Amino acid sequence: MDAEQHAWVSRLRGRFIAFEGADGCGKSTQLKRLEALCERAGVAVTLVREPGGTPIGERIRDILLAKTSEGMTLRCEMLLYMASRSQLVEAVIRPALARGDLVIADRFLASTYAYQGAGGGLPEAEIDAAASIAVGVTRPEVNLIYDIDPQTAARRAGILTTVGKGGRKGEAGVSLFADRMESKGDAFHRKVREGYLALAKRDPARHLVIDASGDPEAVWMLTLAGLKEWLKA
């Protein structure tokens with residue numbers, strides 16, 4: 001690591017960053033690369049995931065993603081995500097920020113606006129109200145949105161298979177191992193993508209859109225460039 005890179009990576013201390021996008025977009029790979037880079041620079045990192053990240057949050061995650069939870073209402077779904085997030089903020093994120101750690105979240109509020117808002121149709125005003133109670137002012141300084149076509153993301157994640165419902169090869173079908181959210185269908189996930197892009201258009205200072213269609217190394221270069229540019233602002 002050269003001196004220039006060490007200097008800008010060191011500026012990530014005490015910051016809060018969220019990685020966002022569809023399952024299969026590659027955000028988890030990039031998140032881990034950033035974590036490793038920061039640790040090489042001596043920057044302490046607290047890595048969290050949503051939903052989950054705490055013992056209580058992980059129990060909520062099980063409920064949210066289980067296929068046995070079909071029939072859950074949209075508002076119940078949103079409030080469960082917020083409940084997990086509230087526990088995570090108070091038990092993990094705020095103490096980590098107080099220590100001067102870089103907090104990297106695998107999803108945060110932007111996911112709710114994209115999935116339950118744009119995808120599900122829940123009014124943003126209701127999400128705003130719940131978020132105010134759940135997390136207050138503790139929000140990511142920047143959201144890295146890894147943008148990719150939903151079908152490509154689903155294939156990367158193993159959500160889409162080449163065997164359809166009738167068992168015929170060559171037909172697109174949803175994997176039996178897909179969770180409740182992953183199984184919501186192409187139309188839903190296209191709305192989610194539109195929701196993410198709308199967030200970035202409305203508030204570009206807090207949302208960086210990264211083209212995730214390339215190979216991991218190309219996406220990593222875009223991630224580094226985006227973070228460096230954001231830190232200059």
# chains A, B, ... in the order shown; residues from 1 in each chain; ligands from 1
>>> residues_around(residues="stretch 107-116 of chain A", least_positions_apart="5", cutoff="6 Å", atoms="only C-alpha atoms", output="list in words")
Ala18, Phe19, Glu20, Glu50, Leu122, Val192, Gly195 and Tyr196 of chain A
>>> write_last_selection(atoms="C-alpha atoms", output="PDB file, in the first residue's frame")
ATOM      1  CA  ALA A  18     -23.498   0.830   3.650  1.00  0.00           C
ATOM      2  CA  PHE A  19     -23.186  -1.560   0.720  1.00  0.00           C
ATOM      3  CA  GLU A  20     -26.466  -1.962  -1.170  1.00  0.00           C
ATOM      4  CA  GLU A  50     -28.933  -6.745   7.797  1.00  0.00           C
ATOM      5  CA  LEU A 122     -45.216   1.071   0.988  1.00  0.00           C
ATOM      6  CA  VAL A 192     -36.293  -2.621  -6.361  1.00  0.00           C
ATOM      7  CA  GLY A 195     -35.995   2.309  -6.243  1.00  0.00           C
ATOM      8  CA  TYR A 196     -32.259   2.231  -5.612  1.00  0.00           C
TER       9      TYR A 196
END
>>> residues_around(residues="stretch 223-228 of chain A", least_positions_apart="5", cutoff="7 Å", atoms="only C-alpha atoms", output="list in words")
Trp8, Leu208 and Ile210 of chain A
>>> write_last_selection(atoms="N, CA and C atoms", output="short mmCIF file (atom, residue, chain, number, x, y, z; two decimals), in the first residue's frame")
data_model
loop_
_atom_site.label_atom_id
_atom_site.label_comp_id
_atom_site.auth_asym_id
_atom_site.auth_seq_id
_atom_site.Cartn_x
_atom_site.Cartn_y
_atom_site.Cartn_z
N TRP A 8 -5.78 8.18 2.22
CA TRP A 8 -7.24 8.31 2.06
C TRP A 8 -7.99 7.20 2.77
N LEU A 208 -23.75 6.42 -4.05
CA LEU A 208 -22.86 6.24 -5.19
C LEU A 208 -23.30 5.01 -5.96
N ILE A 210 -22.59 2.19 -8.56
CA ILE A 210 -21.42 1.50 -9.12
C ILE A 210 -21.89 0.43 -10.08
#
>>> closest_residue(among="A:His6, A:Arg33, A:Lys184, A:Arg193", to="A:Met221", atoms="only C-alpha atoms")
A:Arg33
>>> residues_around(residues="stretch 93-106 of chain A", least_positions_apart="4", cutoff="10 Å", atoms="only C-alpha atoms", output="short mmCIF file (atom, residue, chain, number, x, y, z; two decimals) with C-alpha atoms, in the first residue's frame")
data_model
loop_
_atom_site.label_atom_id
_atom_site.label_comp_id
_atom_site.auth_asym_id
_atom_site.auth_seq_id
_atom_site.Cartn_x
_atom_site.Cartn_y
_atom_site.Cartn_z
CA SER A 10 -7.10 6.32 7.00
CA ARG A 11 -9.77 8.98 6.54
CA LEU A 12 -12.42 6.26 6.78
CA ARG A 13 -11.96 5.99 10.56
CA GLY A 14 -15.17 6.69 12.43
CA ARG A 15 -17.27 6.63 9.25
CA PHE A 16 -20.41 4.65 8.51
CA ILE A 17 -20.78 3.13 5.02
CA ALA A 18 -23.50 0.83 3.65
CA PHE A 19 -23.19 -1.56 0.72
CA GLU A 20 -26.47 -1.96 -1.17
CA GLY A 21 -27.89 -3.83 -4.14
CA LYS A 27 -21.48 -6.24 -2.91
CA SER A 28 -20.37 -8.81 -0.33
CA LEU A 31 -17.26 -5.23 1.14
CA LYS A 32 -14.76 -7.86 2.23
CA LEU A 34 -12.62 -2.95 1.59
CA GLU A 35 -12.50 -4.49 5.06
CA CYS A 38 -8.68 -0.94 5.82
CA VAL A 43 -8.18 1.14 10.37
CA ALA A 44 -10.37 -0.86 12.76
CA VAL A 45 -13.50 -2.16 11.04
CA THR A 46 -16.84 -3.26 12.45
CA LEU A 47 -18.72 -5.28 9.87
CA VAL A 48 -22.48 -5.79 10.26
CA ARG A 49 -25.22 -7.33 8.15
CA GLU A 50 -28.93 -6.75 7.80
CA PRO A 51 -31.25 -8.08 8.84
CA GLY A 53 -25.97 -8.64 13.20
CA ARG A 85 -31.94 -2.43 12.67
CA SER A 86 -32.76 -0.64 15.92
CA GLN A 87 -31.11 -3.38 17.98
CA LEU A 88 -28.08 -3.32 15.68
CA VAL A 89 -27.67 0.45 15.95
CA SER A 111 -32.77 -1.51 1.35
CA VAL A 135 -32.28 4.64 14.17
CA THR A 138 -27.54 7.19 12.94
CA ARG A 139 -27.41 6.69 9.20
CA PRO A 140 -24.72 5.83 6.65
CA ASN A 143 -24.47 4.17 0.39
#
>>> select_by_dssp(residues="stretch 15-86 of chain A", states="strand (DSSP E or B)", output="PyMOL selection string")
chain A and resi 16-21+45-49
>>> write_last_selection(atoms="N, CA and C atoms", output="mmCIF file, in the first residue's frame")
data_model
loop_
_atom_site.group_PDB
_atom_site.id
_atom_site.type_symbol
_atom_site.label_atom_id
_atom_site.label_comp_id
_atom_site.auth_asym_id
_atom_site.auth_seq_id
_atom_site.Cartn_x
_atom_site.Cartn_y
_atom_site.Cartn_z
ATOM 1 N N PHE A 16 -19.381 5.669 8.610
ATOM 2 C CA PHE A 16 -20.411 4.649 8.508
ATOM 3 C C PHE A 16 -20.798 4.540 7.033
ATOM 4 N N ILE A 17 -20.538 3.372 6.446
ATOM 5 C CA ILE A 17 -20.778 3.126 5.024
ATOM 6 C C ILE A 17 -21.687 1.911 4.874
ATOM 7 N N ALA A 18 -22.631 1.978 3.933
ATOM 8 C CA ALA A 18 -23.498 0.830 3.650
ATOM 9 C C ALA A 18 -23.290 0.361 2.215
ATOM 10 N N PHE A 19 -23.267 -0.952 2.044
ATOM 11 C CA PHE A 19 -23.186 -1.560 0.720
ATOM 12 C C PHE A 19 -24.577 -2.073 0.364
ATOM 13 N N GLU A 20 -25.085 -1.671 -0.793
ATOM 14 C CA GLU A 20 -26.466 -1.962 -1.170
ATOM 15 C C GLU A 20 -26.540 -2.584 -2.560
ATOM 16 N N GLY A 21 -27.653 -3.245 -2.826
ATOM 17 C CA GLY A 21 -27.886 -3.831 -4.143
ATOM 18 C C GLY A 21 -28.561 -5.181 -4.025
ATOM 19 N N VAL A 45 -12.238 -2.034 11.764
ATOM 20 C CA VAL A 45 -13.503 -2.162 11.035
ATOM 21 C C VAL A 45 -14.497 -2.973 11.853
ATOM 22 N N THR A 46 -15.722 -2.476 11.926
ATOM 23 C CA THR A 46 -16.838 -3.257 12.454
ATOM 24 C C THR A 46 -17.763 -3.553 11.287
ATOM 25 N N LEU A 47 -17.923 -4.837 11.007
ATOM 26 C CA LEU A 47 -18.722 -5.282 9.874
ATOM 27 C C LEU A 47 -20.060 -5.826 10.384
ATOM 28 N N VAL A 48 -21.159 -5.325 9.823
ATOM 29 C CA VAL A 48 -22.478 -5.786 10.255
ATOM 30 C C VAL A 48 -23.317 -6.146 9.025
ATOM 31 N N ARG A 49 -24.328 -6.987 9.249
ATOM 32 C CA ARG A 49 -25.221 -7.332 8.148
ATOM 33 C C ARG A 49 -26.673 -7.118 8.566
#
>>> closest_residue(among="A:Ser69, A:Leu74, A:Ala187, A:Ala91", to="A:Ile56", atoms="only C-alpha atoms")
A:Ala91
>>> residues_around(residues="A:Asp2", least_positions_apart="6", cutoff="12 Å", atoms="only C-alpha atoms", output="list in words")
Trp8, Val9, Leu37, Arg40 and Ala41 of chain A
>>> residues_around(residues="A:Leu222", least_positions_apart="3", cutoff="12 Å", atoms="only C-alpha atoms", output="number ranges by chain")
A: 30, 144-147, 208-219, 225-229
>>> atom_distance(atom1="atom CA of A:Arg206", atom2="atom CA of A:Gly136")
16.7 Å
>>> select_by_dssp(residues="stretch 42-125 of chain A", states="alpha helix (DSSP H)", output="PDB file with C-alpha atoms, in the first residue's frame")
ATOM      1  CA  PRO A  55     -28.492 -12.415  18.485  1.00  0.00           C
ATOM      2  CA  ILE A  56     -31.949 -10.815  18.504  1.00  0.00           C
ATOM      3  CA  GLY A  57     -31.536  -9.531  14.977  1.00  0.00           C
ATOM      4  CA  GLU A  58     -30.580 -12.975  13.707  1.00  0.00           C
ATOM      5  CA  ARG A  59     -33.797 -14.407  15.144  1.00  0.00           C
ATOM      6  CA  ILE A  60     -35.742 -11.686  13.340  1.00  0.00           C
ATOM      7  CA  ARG A  61     -33.804 -12.503  10.153  1.00  0.00           C
ATOM      8  CA  ASP A  62     -34.926 -16.114  10.358  1.00  0.00           C
ATOM      9  CA  ILE A  63     -38.554 -14.992  10.528  1.00  0.00           C
ATOM     10  CA  LEU A  64     -38.215 -12.501   7.672  1.00  0.00           C
ATOM     11  CA  LEU A  65     -36.505 -14.827   5.198  1.00  0.00           C
ATOM     12  CA  LEU A  74     -45.892  -5.499   4.074  1.00  0.00           C
ATOM     13  CA  ARG A  75     -46.013  -3.242   7.140  1.00  0.00           C
ATOM     14  CA  CYS A  76     -45.160  -6.137   9.433  1.00  0.00           C
ATOM     15  CA  GLU A  77     -42.205  -6.929   7.162  1.00  0.00           C
ATOM     16  CA  MET A  78     -40.969  -3.347   7.217  1.00  0.00           C
ATOM     17  CA  LEU A  79     -41.317  -3.043  10.981  1.00  0.00           C
ATOM     18  CA  LEU A  80     -39.423  -6.293  11.571  1.00  0.00           C
ATOM     19  CA  TYR A  81     -36.547  -4.988   9.460  1.00  0.00           C
ATOM     20  CA  MET A  82     -36.624  -1.777  11.493  1.00  0.00           C
ATOM     21  CA  ALA A  83     -36.688  -3.719  14.782  1.00  0.00           C
ATOM     22  CA  SER A  84     -33.581  -5.679  13.795  1.00  0.00           C
ATOM     23  CA  ARG A  85     -31.944  -2.430  12.666  1.00  0.00           C
ATOM     24  CA  SER A  86     -32.761  -0.642  15.918  1.00  0.00           C
ATOM     25  CA  GLN A  87     -31.112  -3.379  17.976  1.00  0.00           C
ATOM     26  CA  LEU A  88     -28.083  -3.324  15.685  1.00  0.00           C
ATOM     27  CA  ARG A  94     -23.113   3.431  17.835  1.00  0.00           C
ATOM     28  CA  PRO A  95     -20.488   1.886  20.191  1.00  0.00           C
ATOM     29  CA  ALA A  96     -18.262   1.105  17.187  1.00  0.00           C
ATOM     30  CA  LEU A  97     -18.509   4.662  15.856  1.00  0.00           C
ATOM     31  CA  ALA A  98     -17.729   5.986  19.322  1.00  0.00           C
ATOM     32  CA  ARG A  99     -14.527   3.895  19.302  1.00  0.00           C
ATOM     33  CA  LEU A 109     -32.068   1.878   5.362  1.00  0.00           C
ATOM     34  CA  ALA A 110     -31.728   2.131   1.587  1.00  0.00           C
ATOM     35  CA  SER A 111     -32.774  -1.511   1.347  1.00  0.00           C
ATOM     36  CA  THR A 112     -36.075  -0.756   3.042  1.00  0.00           C
ATOM     37  CA  GLU A 124     -42.037   6.524   1.900  1.00  0.00           C
ATOM     38  CA  ALA A 125     -43.630   8.639   4.619  1.00  0.00           C
TER      39      ALA A 125
END
>>> closest_residue(among="A:Ala22, A:Ala7, A:Met1, A:Val92", to="A:Arg155", atoms="only C-alpha atoms")
A:Ala22
